Amino acid sequence: MDHLGMSERDYVMLNFQVGEIYHCAADVRHYAAEEESYMNVNTGGTKNMLIFARMADAAFYHMSTCSVSGEHLKNSNEDRVFTEKDYDIGQVWEDNIYVKSKFLAEGLVLQAAKEGVNAKIFRLGRLVGRASDGVFQRNPENNVFYLLMKGFCRIGAVPESAAQSAVDLM
């Protein structure tokens, strides 16, 4: 989106006032079919914010996801540890549209950092509702984790396998 949806005048004026950008905007549904939408929001949005960061000479803090680590390696049964310093260790990231969009967005941030932008990536775990009122996201019916937890509440039970699983919550 040109000028982040602002007039050119406002965009330029804002450039002189911004020193840090915390890029948290994303479509966080892990399972959906609209690849073009994910690419526009998650990857395209990151690209637009990086353009703005370059113009403003602002630090860029990108909120990504632990999901970019993938579920397994391509063409290998080898166990590998994916660390905060890793990006592409040969993991499968293309199969899930959300993960793909966030992986490609991270690639844009890493490239910008190589080109001199003061950029950092933070990989968040599962996002959940606020403790104060439970408000979560505008479309919780599209969030698999939310639906799973809602199902457990409705039946009044949690399968033992799920009860034994560690879950990273944010």
# chains A, B, ... in the order shown; residues from 1 in each chain; ligands from 1
$ residues_around --residues "Leu124 (chain A)" --least-positions-apart "3" --cutoff "7 Å" --atoms "only C-alpha atoms" --output "CSV table (one decimal) with N, CA, C and O atoms, in the first residue's frame"
chain,number,residue,atom,x,y,z
A,63,MET,N,7.8,-8.7,14.6
A,63,MET,CA,7.2,-9.8,15.4
A,63,MET,C,6.9,-10.9,14.4
A,63,MET,O,6.0,-10.8,13.5
A,64,SER,N,7.6,-12.1,14.6
A,64,SER,CA,7.3,-13.2,13.7
A,64,SER,C,6.7,-14.3,14.5
A,64,SER,O,6.0,-14.1,15.4
A,65,THR,N,7.0,-15.6,14.2
A,65,THR,CA,6.4,-16.7,14.8
A,65,THR,C,7.4,-17.9,14.9
A,65,THR,O,8.3,-18.1,14.0
A,66,CYS,N,7.3,-18.6,16.0
A,66,CYS,CA,8.1,-19.8,16.2
A,66,CYS,C,7.8,-20.8,15.0
A,66,CYS,O,8.7,-21.7,14.8
A,170,MET,N,1.5,-16.9,24.4
A,170,MET,CA,1.9,-15.5,24.5
A,170,MET,C,0.6,-14.6,24.8
A,170,MET,O,-0.4,-14.8,24.2
$ residues_around --residues "region 49-57 of chain A" --least-positions-apart "4" --cutoff "7 Å" --atoms "only C-alpha atoms" --output "PDB file with N, CA and C atoms, in the first residue's frame"
ATOM      1  N   ASN A  15       7.857  10.323   8.798  1.00  0.00           N
ATOM      2  CA  ASN A  15       9.227   9.838   8.650  1.00  0.00           C
ATOM      3  C   ASN A  15      10.201  10.577   9.557  1.00  0.00           C
ATOM      4  N   PHE A  16       9.957  11.835   9.800  1.00  0.00           N
ATOM      5  CA  PHE A  16      10.860  12.646  10.627  1.00  0.00           C
ATOM      6  C   PHE A  16      10.600  12.464  12.121  1.00  0.00           C
ATOM      7  N   VAL A  18       9.687   9.265  13.605  1.00  0.00           N
ATOM      8  CA  VAL A  18       9.744   7.870  14.036  1.00  0.00           C
ATOM      9  C   VAL A  18      11.191   7.422  14.197  1.00  0.00           C
ATOM     10  N   GLY A  45       2.995  -6.373   3.824  1.00  0.00           N
ATOM     11  CA  GLY A  45       2.987  -5.396   4.908  1.00  0.00           C
ATOM     12  C   GLY A  45       4.371  -5.184   5.489  1.00  0.00           C
ATOM     13  N   VAL A 117      19.752  -1.704   7.668  1.00  0.00           N
ATOM     14  CA  VAL A 117      18.646  -1.367   8.569  1.00  0.00           C
ATOM     15  C   VAL A 117      18.914  -2.031   9.923  1.00  0.00           C
TER      16      VAL A 117
END
$ closest_atom_pairs --of "region 27-110 of chain A" --to "region 129-139 of chain A" --cutoff "10 Å" --atoms "only C-alpha atoms" --output "CSV"
residue,atom,partner,partner_atom,distance
A:Asp27,CA,A:Gln137,CA,9.8
A:Val28,CA,A:Gln137,CA,8.9
A:Arg29,CA,A:Asn139,CA,8.5
$ select_by_dssp --residues "region 3-154 of chain A" --states "strand (DSSP E)" --output "ChimeraX atom specification"
/A:20-23,59-65,119-124
$ write_last_selection --atoms "N, CA and C atoms" --output "PDB file, in the first residue's frame"
ATOM      1  N   GLU A  20      11.694   4.217  16.051  1.00  0.00           N
ATOM      2  CA  GLU A  20      11.585   2.770  16.183  1.00  0.00           C
ATOM      3  C   GLU A  20      10.240   2.316  15.649  1.00  0.00           C
ATOM      4  N   ILE A  21      10.257   1.166  15.004  1.00  0.00           N
ATOM      5  CA  ILE A  21       9.022   0.575  14.491  1.00  0.00           C
ATOM      6  C   ILE A  21       8.902  -0.822  15.082  1.00  0.00           C
ATOM      7  N   TYR A  22       7.783  -1.085  15.724  1.00  0.00           N
ATOM      8  CA  TYR A  22       7.463  -2.415  16.240  1.00  0.00           C
ATOM      9  C   TYR A  22       6.389  -2.978  15.313  1.00  0.00           C
ATOM     10  N   HIS A  23       6.824  -3.839  14.397  1.00  0.00           N
ATOM     11  CA  HIS A  23       5.918  -4.350  13.373  1.00  0.00           C
ATOM     12  C   HIS A  23       5.227  -5.613  13.875  1.00  0.00           C
ATOM     13  N   ALA A  59      14.868   2.059  13.674  1.00  0.00           N
ATOM     14  CA  ALA A  59      15.078   0.654  14.039  1.00  0.00           C
ATOM     15  C   ALA A  59      13.787  -0.105  13.737  1.00  0.00           C
ATOM     16  N   PHE A  60      13.929  -1.348  13.324  1.00  0.00           N
ATOM     17  CA  PHE A  60      12.776  -2.148  12.913  1.00  0.00           C
ATOM     18  C   PHE A  60      12.737  -3.431  13.717  1.00  0.00           C
ATOM     19  N   TYR A  61      11.681  -3.599  14.509  1.00  0.00           N
ATOM     20  CA  TYR A  61      11.503  -4.789  15.338  1.00  0.00           C
ATOM     21  C   TYR A  61      10.316  -5.571  14.790  1.00  0.00           C
ATOM     22  N   HIS A  62      10.610  -6.729  14.233  1.00  0.00           N
ATOM     23  CA  HIS A  62       9.603  -7.532  13.526  1.00  0.00           C
ATOM     24  C   HIS A  62       9.129  -8.683  14.401  1.00  0.00           C
ATOM     25  N   MET A  63       7.815  -8.729  14.642  1.00  0.00           N
ATOM     26  CA  MET A  63       7.235  -9.838  15.395  1.00  0.00           C
ATOM     27  C   MET A  63       6.890 -10.948  14.410  1.00  0.00           C
ATOM     28  N   SER A  64       7.554 -12.074  14.571  1.00  0.00           N
ATOM     29  CA  SER A  64       7.335 -13.205  13.686  1.00  0.00           C
ATOM     30  C   SER A  64       6.716 -14.340  14.496  1.00  0.00           C
ATOM     31  N   THR A  65       7.020 -15.561  14.152  1.00  0.00           N
ATOM     32  CA  THR A  65       6.415 -16.720  14.792  1.00  0.00           C
ATOM     33  C   THR A  65       7.417 -17.854  14.912  1.00  0.00           C
ATOM     34  N   ALA A 119      17.643  -3.931  12.325  1.00  0.00           N
ATOM     35  CA  ALA A 119      16.445  -4.769  12.384  1.00  0.00           C
ATOM     36  C   ALA A 119      16.676  -5.990  13.262  1.00  0.00           C
ATOM     37  N   LYS A 120      15.626  -6.355  13.976  1.00  0.00           N
ATOM     38  CA  LYS A 120      15.649  -7.554  14.816  1.00  0.00           C
ATOM     39  C   LYS A 120      14.336  -8.300  14.631  1.00  0.00           C
ATOM     40  N   ILE A 121      14.411  -9.615  14.758  1.00  0.00           N
ATOM     41  CA  ILE A 121      13.235 -10.474  14.620  1.00  0.00           C
ATOM     42  C   ILE A 121      12.954 -11.122  15.967  1.00  0.00           C
ATOM     43  N   PHE A 122      11.692 -11.095  16.362  1.00  0.00           N
ATOM     44  CA  PHE A 122      11.244 -11.755  17.588  1.00  0.00           C
ATOM     45  C   PHE A 122      10.223 -12.808  17.183  1.00  0.00           C
ATOM     46  N   ARG A 123      10.477 -14.054  17.568  1.00  0.00           N
ATOM     47  CA  ARG A 123       9.574 -15.149  17.197  1.00  0.00           C
ATOM     48  C   ARG A 123       8.672 -15.489  18.388  1.00  0.00           C
ATOM     49  N   LEU A 124       7.410 -15.174  18.223  1.00  0.00           N
ATOM     50  CA  LEU A 124       6.434 -15.404  19.277  1.00  0.00           C
ATOM     51  C   LEU A 124       5.816 -16.784  19.146  1.00  0.00           C
TER      52      LEU A 124
END
$ atom_distance --atom1 "CA of Gly70 (chain A)" --atom2 "CA of Glu115 (chain A)"
26.6 Å
$ closest_residue --among "A:Asn40, A:Asn96, A:Ser7, A:Thr46" --to "Val109 (chain A)" --atoms "only C-alpha atoms"
A:Thr46
$ residues_around --residues "Phe145 (chain A)" --least-positions-apart "3" --cutoff "10 Å" --atoms "only C-alpha atoms" --output "PyMOL selection string"
chain A and resi 29-30+126-128+140-142+148-151
$ write_last_selection --atoms "all heavy atoms" --output "mmCIF file, in the first residue's frame"
data_model
loop_
_atom_site.group_PDB
_atom_site.id
_atom_site.type_symbol
_atom_site.label_atom_id
_atom_site.label_comp_id
_atom_site.auth_asym_id
_atom_site.auth_seq_id
_atom_site.Cartn_x
_atom_site.Cartn_y
_atom_site.Cartn_z
ATOM 1 N N ARG A 29 -3.881 -16.420 11.469
ATOM 2 C CA ARG A 29 -4.553 -17.714 11.317
ATOM 3 C C ARG A 29 -3.552 -18.709 10.729
ATOM 4 O O ARG A 29 -2.940 -18.438 9.714
ATOM 5 C CB ARG A 29 -5.758 -17.592 10.390
ATOM 6 C CG ARG A 29 -6.850 -16.694 10.940
ATOM 7 C CD ARG A 29 -7.931 -16.458 9.913
ATOM 8 N NE ARG A 29 -7.369 -15.737 8.776
ATOM 9 C CZ ARG A 29 -7.801 -15.852 7.527
ATOM 10 N NH1 ARG A 29 -8.799 -16.652 7.233
ATOM 11 N NH2 ARG A 29 -7.241 -15.163 6.557
ATOM 12 N N HIS A 30 -3.384 -19.847 11.367
ATOM 13 C CA HIS A 30 -2.427 -20.836 10.872
ATOM 14 C C HIS A 30 -2.972 -21.656 9.702
ATOM 15 O O HIS A 30 -2.213 -22.214 8.936
ATOM 16 C CB HIS A 30 -2.013 -21.790 11.991
ATOM 17 C CG HIS A 30 -0.858 -21.291 12.780
ATOM 18 N ND1 HIS A 30 -0.928 -20.194 13.597
ATOM 19 C CD2 HIS A 30 0.410 -21.723 12.858
ATOM 20 C CE1 HIS A 30 0.235 -19.985 14.161
ATOM 21 N NE2 HIS A 30 1.074 -20.894 13.729
ATOM 22 N N ARG A 126 2.322 -19.240 20.558
ATOM 23 C CA ARG A 126 0.874 -19.155 20.378
ATOM 24 C C ARG A 126 0.294 -17.933 21.068
ATOM 25 O O ARG A 126 0.510 -17.714 22.234
ATOM 26 C CB ARG A 126 0.226 -20.388 20.978
ATOM 27 C CG ARG A 126 -0.280 -21.297 19.950
ATOM 28 C CD ARG A 126 -0.939 -22.498 20.560
ATOM 29 N NE ARG A 126 -0.278 -23.681 20.089
ATOM 30 C CZ ARG A 126 -0.360 -24.122 18.848
ATOM 31 N NH1 ARG A 126 -1.064 -23.474 17.966
ATOM 32 N NH2 ARG A 126 0.265 -25.193 18.479
ATOM 33 N N LEU A 127 -0.469 -17.149 20.321
ATOM 34 C CA LEU A 127 -1.124 -15.985 20.894
ATOM 35 C C LEU A 127 -2.458 -16.406 21.499
ATOM 36 O O LEU A 127 -3.183 -17.207 20.914
ATOM 37 C CB LEU A 127 -1.373 -14.933 19.803
ATOM 38 C CG LEU A 127 -0.134 -14.458 19.047
ATOM 39 C CD1 LEU A 127 -0.537 -13.523 17.927
ATOM 40 C CD2 LEU A 127 0.832 -13.769 19.991
ATOM 41 N N VAL A 128 -2.745 -15.895 22.682
ATOM 42 C CA VAL A 128 -4.017 -16.202 23.343
ATOM 43 C C VAL A 128 -4.669 -14.905 23.800
ATOM 44 O O VAL A 128 -4.067 -13.837 23.732
ATOM 45 C CB VAL A 128 -3.810 -17.161 24.544
ATOM 46 C CG1 VAL A 128 -3.285 -18.500 24.083
ATOM 47 C CG2 VAL A 128 -2.887 -16.566 25.580
ATOM 48 N N PRO A 140 -11.613 -15.416 15.937
ATOM 49 C CA PRO A 140 -11.149 -16.607 16.653
ATOM 50 C C PRO A 140 -11.675 -17.907 16.056
ATOM 51 O O PRO A 140 -11.042 -18.957 16.204
ATOM 52 C CB PRO A 140 -11.661 -16.402 18.079
ATOM 53 C CG PRO A 140 -12.801 -15.462 17.945
ATOM 54 C CD PRO A 140 -12.458 -14.576 16.778
ATOM 55 N N GLU A 141 -12.797 -17.839 15.340
ATOM 56 C CA GLU A 141 -13.343 -19.046 14.723
ATOM 57 C C GLU A 141 -12.432 -19.600 13.632
ATOM 58 O O GLU A 141 -12.616 -20.719 13.168
ATOM 59 C CB GLU A 141 -14.748 -18.773 14.160
ATOM 60 C CG GLU A 141 -14.799 -17.837 12.983
ATOM 61 C CD GLU A 141 -14.657 -16.340 13.345
ATOM 62 O OE1 GLU A 141 -14.699 -15.979 14.532
ATOM 63 O OE2 GLU A 141 -14.480 -15.531 12.414
ATOM 64 N N ASN A 142 -11.408 -18.857 13.248
ATOM 65 C CA ASN A 142 -10.426 -19.313 12.267
ATOM 66 C C ASN A 142 -9.110 -19.719 12.915
ATOM 67 O O ASN A 142 -8.125 -19.956 12.225
ATOM 68 C CB ASN A 142 -10.149 -18.209 11.237
ATOM 69 C CG ASN A 142 -11.330 -17.977 10.327
ATOM 70 O OD1 ASN A 142 -12.022 -18.907 9.953
ATOM 71 N ND2 ASN A 142 -11.579 -16.727 10.004
ATOM 72 N N LEU A 148 -9.703 -25.722 19.364
ATOM 73 C CA LEU A 148 -9.353 -26.920 20.115
ATOM 74 C C LEU A 148 -9.644 -26.728 21.604
ATOM 75 O O LEU A 148 -10.270 -27.575 22.250
ATOM 76 C CB LEU A 148 -7.871 -27.253 19.893
ATOM 77 C CG LEU A 148 -7.351 -28.532 20.515
ATOM 78 C CD1 LEU A 148 -8.059 -29.748 19.939
ATOM 79 C CD2 LEU A 148 -5.847 -28.642 20.271
ATOM 80 N N MET A 149 -9.217 -25.580 22.144
ATOM 81 C CA MET A 149 -9.466 -25.299 23.560
ATOM 82 C C MET A 149 -10.969 -25.184 23.835
ATOM 83 O O MET A 149 -11.471 -25.666 24.850
ATOM 84 C CB MET A 149 -8.767 -24.009 23.995
ATOM 85 C CG MET A 149 -7.251 -24.064 23.942
ATOM 86 S SD MET A 149 -6.564 -25.342 25.020
ATOM 87 C CE MET A 149 -6.004 -26.537 23.811
ATOM 88 N N LYS A 150 -11.695 -24.561 22.919
ATOM 89 C CA LYS A 150 -13.144 -24.427 23.060
ATOM 90 C C LYS A 150 -13.805 -25.814 23.070
ATOM 91 O O LYS A 150 -14.710 -26.076 23.873
ATOM 92 C CB LYS A 150 -13.692 -23.579 21.906
ATOM 93 C CG LYS A 150 -15.157 -23.264 22.018
ATOM 94 C CD LYS A 150 -15.564 -22.317 20.888
ATOM 95 C CE LYS A 150 -17.049 -22.032 20.935
ATOM 96 N NZ LYS A 150 -17.444 -21.124 19.848
ATOM 97 N N GLY A 151 -13.317 -26.691 22.218
ATOM 98 C CA GLY A 151 -13.836 -28.065 22.187
ATOM 99 C C GLY A 151 -13.581 -28.803 23.487
ATOM 100 O O GLY A 151 -14.478 -29.497 24.007
#
$ residues_around --residues "Glu78 (chain A)" --least-positions-apart "5" --cutoff "12 Å" --atoms "only C-alpha atoms" --output "list of chain:residue names"
A:His72, A:Leu73, A:Ile89, A:Gly90, A:Gln91
$ select_by_dssp --residues "region 41-70 of chain A" --states "alpha helix (DSSP H)" --output "short mmCIF file (atom, residue, chain, number, x, y, z; two decimals) with C-alpha atoms, in the first residue's frame"
data_model
loop_
_atom_site.label_atom_id
_atom_site.label_comp_id
_atom_site.auth_asym_id
_atom_site.auth_seq_id
_atom_site.Cartn_x
_atom_site.Cartn_y
_atom_site.Cartn_z
CA GLY A 45 2.99 -5.40 4.91
CA THR A 46 6.50 -6.16 6.13
CA LYS A 47 7.95 -4.94 2.83
CA ASN A 48 6.01 -1.66 3.11
CA MET A 49 7.07 -1.12 6.72
CA LEU A 50 10.72 -1.80 5.82
CA ILE A 51 10.53 0.85 3.10
CA PHE A 52 9.21 3.25 5.72
CA ALA A 53 11.93 2.20 8.21
CA ARG A 54 14.65 2.88 5.63
CA MET A 55 13.25 6.32 4.84
CA ALA A 56 12.88 7.19 8.53
#
$ residues_around --residues "Glu71 (chain A)" --least-positions-apart "2" --cutoff "10 Å" --atoms "only C-alpha atoms" --output "PyMOL selection string"
chain A and resi 67-69+73-74+91-93
$ closest_residue --among "A:Ala166, A:Pro159, A:Ile97, A:Asp79" --to "Gly125 (chain A)" --atoms "only C-alpha atoms"
A:Ala166
$ decode --residues "region 136-154 of chain A" --atoms "N, CA, C and O atoms" --output "PDB file, in the first residue's frame"
ATOM      1  N   PHE A 136      -9.460 -11.898  22.141  1.00  0.00           N
ATOM      2  CA  PHE A 136      -8.354 -12.556  21.472  1.00  0.00           C
ATOM      3  C   PHE A 136      -8.061 -11.919  20.134  1.00  0.00           C
ATOM      4  O   PHE A 136      -7.238 -11.045  20.006  1.00  0.00           O
ATOM      5  N   GLN A 137      -8.727 -12.316  19.140  1.00  0.00           N
ATOM      6  CA  GLN A 137      -8.529 -11.759  17.808  1.00  0.00           C
ATOM      7  C   GLN A 137      -9.910 -11.594  17.198  1.00  0.00           C
ATOM      8  O   GLN A 137     -10.886 -12.164  17.678  1.00  0.00           O
ATOM      9  N   ARG A 138      -9.988 -10.827  16.144  1.00  0.00           N
ATOM     10  CA  ARG A 138     -11.299 -10.533  15.580  1.00  0.00           C
ATOM     11  C   ARG A 138     -11.944 -11.745  14.914  1.00  0.00           C
ATOM     12  O   ARG A 138     -13.130 -11.748  14.660  1.00  0.00           O
ATOM     13  N   ASN A 139     -11.158 -12.771  14.624  1.00  0.00           N
ATOM     14  CA  ASN A 139     -11.696 -13.949  13.946  1.00  0.00           C
ATOM     15  C   ASN A 139     -11.268 -15.242  14.651  1.00  0.00           C
ATOM     16  O   ASN A 139     -10.648 -16.102  14.033  1.00  0.00           O
ATOM     17  N   PRO A 140     -11.613 -15.416  15.937  1.00  0.00           N
ATOM     18  CA  PRO A 140     -11.149 -16.607  16.653  1.00  0.00           C
ATOM     19  C   PRO A 140     -11.675 -17.907  16.056  1.00  0.00           C
ATOM     20  O   PRO A 140     -11.042 -18.957  16.204  1.00  0.00           O
ATOM     21  N   GLU A 141     -12.797 -17.839  15.340  1.00  0.00           N
ATOM     22  CA  GLU A 141     -13.343 -19.046  14.723  1.00  0.00           C
ATOM     23  C   GLU A 141     -12.432 -19.600  13.632  1.00  0.00           C
ATOM     24  O   GLU A 141     -12.616 -20.719  13.168  1.00  0.00           O
ATOM     25  N   ASN A 142     -11.408 -18.857  13.248  1.00  0.00           N
ATOM     26  CA  ASN A 142     -10.426 -19.313  12.267  1.00  0.00           C
ATOM     27  C   ASN A 142      -9.110 -19.719  12.915  1.00  0.00           C
ATOM     28  O   ASN A 142      -8.125 -19.956  12.225  1.00  0.00           O
ATOM     29  N   ASN A 143      -9.069 -19.777  14.236  1.00  0.00           N
ATOM     30  CA  ASN A 143      -7.843 -20.119  14.946  1.00  0.00           C
ATOM     31  C   ASN A 143      -7.966 -21.543  15.485  1.00  0.00           C
ATOM     32  O   ASN A 143      -8.809 -21.818  16.349  1.00  0.00           O
ATOM     33  N   VAL A 144      -7.154 -22.435  14.978  1.00  0.00           N
ATOM     34  CA  VAL A 144      -7.244 -23.846  15.332  1.00  0.00           C
ATOM     35  C   VAL A 144      -7.014 -24.068  16.828  1.00  0.00           C
ATOM     36  O   VAL A 144      -7.726 -24.849  17.457  1.00  0.00           O
ATOM     37  N   PHE A 145      -6.053 -23.390  17.417  1.00  0.00           N
ATOM     38  CA  PHE A 145      -5.787 -23.569  18.837  1.00  0.00           C
ATOM     39  C   PHE A 145      -6.989 -23.126  19.672  1.00  0.00           C
ATOM     40  O   PHE A 145      -7.410 -23.814  20.597  1.00  0.00           O
ATOM     41  N   TYR A 146      -7.564 -21.995  19.332  1.00  0.00           N
ATOM     42  CA  TYR A 146      -8.756 -21.501  20.026  1.00  0.00           C
ATOM     43  C   TYR A 146      -9.886 -22.519  19.915  1.00  0.00           C
ATOM     44  O   TYR A 146     -10.550 -22.843  20.908  1.00  0.00           O
ATOM     45  N   LEU A 147     -10.133 -23.038  18.725  1.00  0.00           N
ATOM     46  CA  LEU A 147     -11.203 -23.999  18.524  1.00  0.00           C
ATOM     47  C   LEU A 147     -10.948 -25.292  19.295  1.00  0.00           C
ATOM     48  O   LEU A 147     -11.882 -25.893  19.849  1.00  0.00           O
ATOM     49  N   LEU A 148      -9.703 -25.722  19.364  1.00  0.00           N
ATOM     50  CA  LEU A 148      -9.353 -26.920  20.115  1.00  0.00           C
ATOM     51  C   LEU A 148      -9.644 -26.728  21.604  1.00  0.00           C
ATOM     52  O   LEU A 148     -10.270 -27.575  22.250  1.00  0.00           O
ATOM     53  N   MET A 149      -9.217 -25.580  22.144  1.00  0.00           N
ATOM     54  CA  MET A 149      -9.466 -25.299  23.560  1.00  0.00           C
ATOM     55  C   MET A 149     -10.969 -25.184  23.835  1.00  0.00           C
ATOM     56  O   MET A 149     -11.471 -25.666  24.850  1.00  0.00           O
ATOM     57  N   LYS A 150     -11.695 -24.561  22.919  1.00  0.00           N
ATOM     58  CA  LYS A 150     -13.144 -24.427  23.060  1.00  0.00           C
ATOM     59  C   LYS A 150     -13.805 -25.814  23.070  1.00  0.00           C
ATOM     60  O   LYS A 150     -14.710 -26.076  23.873  1.00  0.00           O
ATOM     61  N   GLY A 151     -13.317 -26.691  22.218  1.00  0.00           N
ATOM     62  CA  GLY A 151     -13.836 -28.065  22.187  1.00  0.00           C
ATOM     63  C   GLY A 151     -13.581 -28.803  23.487  1.00  0.00           C
ATOM     64  O   GLY A 151     -14.478 -29.497  24.007  1.00  0.00           O
ATOM     65  N   PHE A 152     -12.380 -28.649  24.043  1.00  0.00           N
ATOM     66  CA  PHE A 152     -12.076 -29.285  25.333  1.00  0.00           C
ATOM     67  C   PHE A 152     -13.026 -28.779  26.408  1.00  0.00           C
ATOM     68  O   PHE A 152     -13.519 -29.552  27.241  1.00  0.00           O
ATOM     69  N   CYS A 153     -13.305 -27.482  26.397  1.00  0.00           N
ATOM     70  CA  CYS A 153     -14.225 -26.899  27.388  1.00  0.00           C
ATOM     71  C   CYS A 153     -15.634 -27.453  27.215  1.00  0.00           C
ATOM     72  O   CYS A 153     -16.306 -27.773  28.207  1.00  0.00           O
ATOM     73  N   ARG A 154     -16.062 -27.584  25.973  1.00  0.00           N
ATOM     74  CA  ARG A 154     -17.428 -28.070  25.722  1.00  0.00           C
ATOM     75  C   ARG A 154     -17.624 -29.514  26.171  1.00  0.00           C
ATOM     76  O   ARG A 154     -18.678 -29.853  26.702  1.00  0.00           O
TER      77      ARG A 154
END
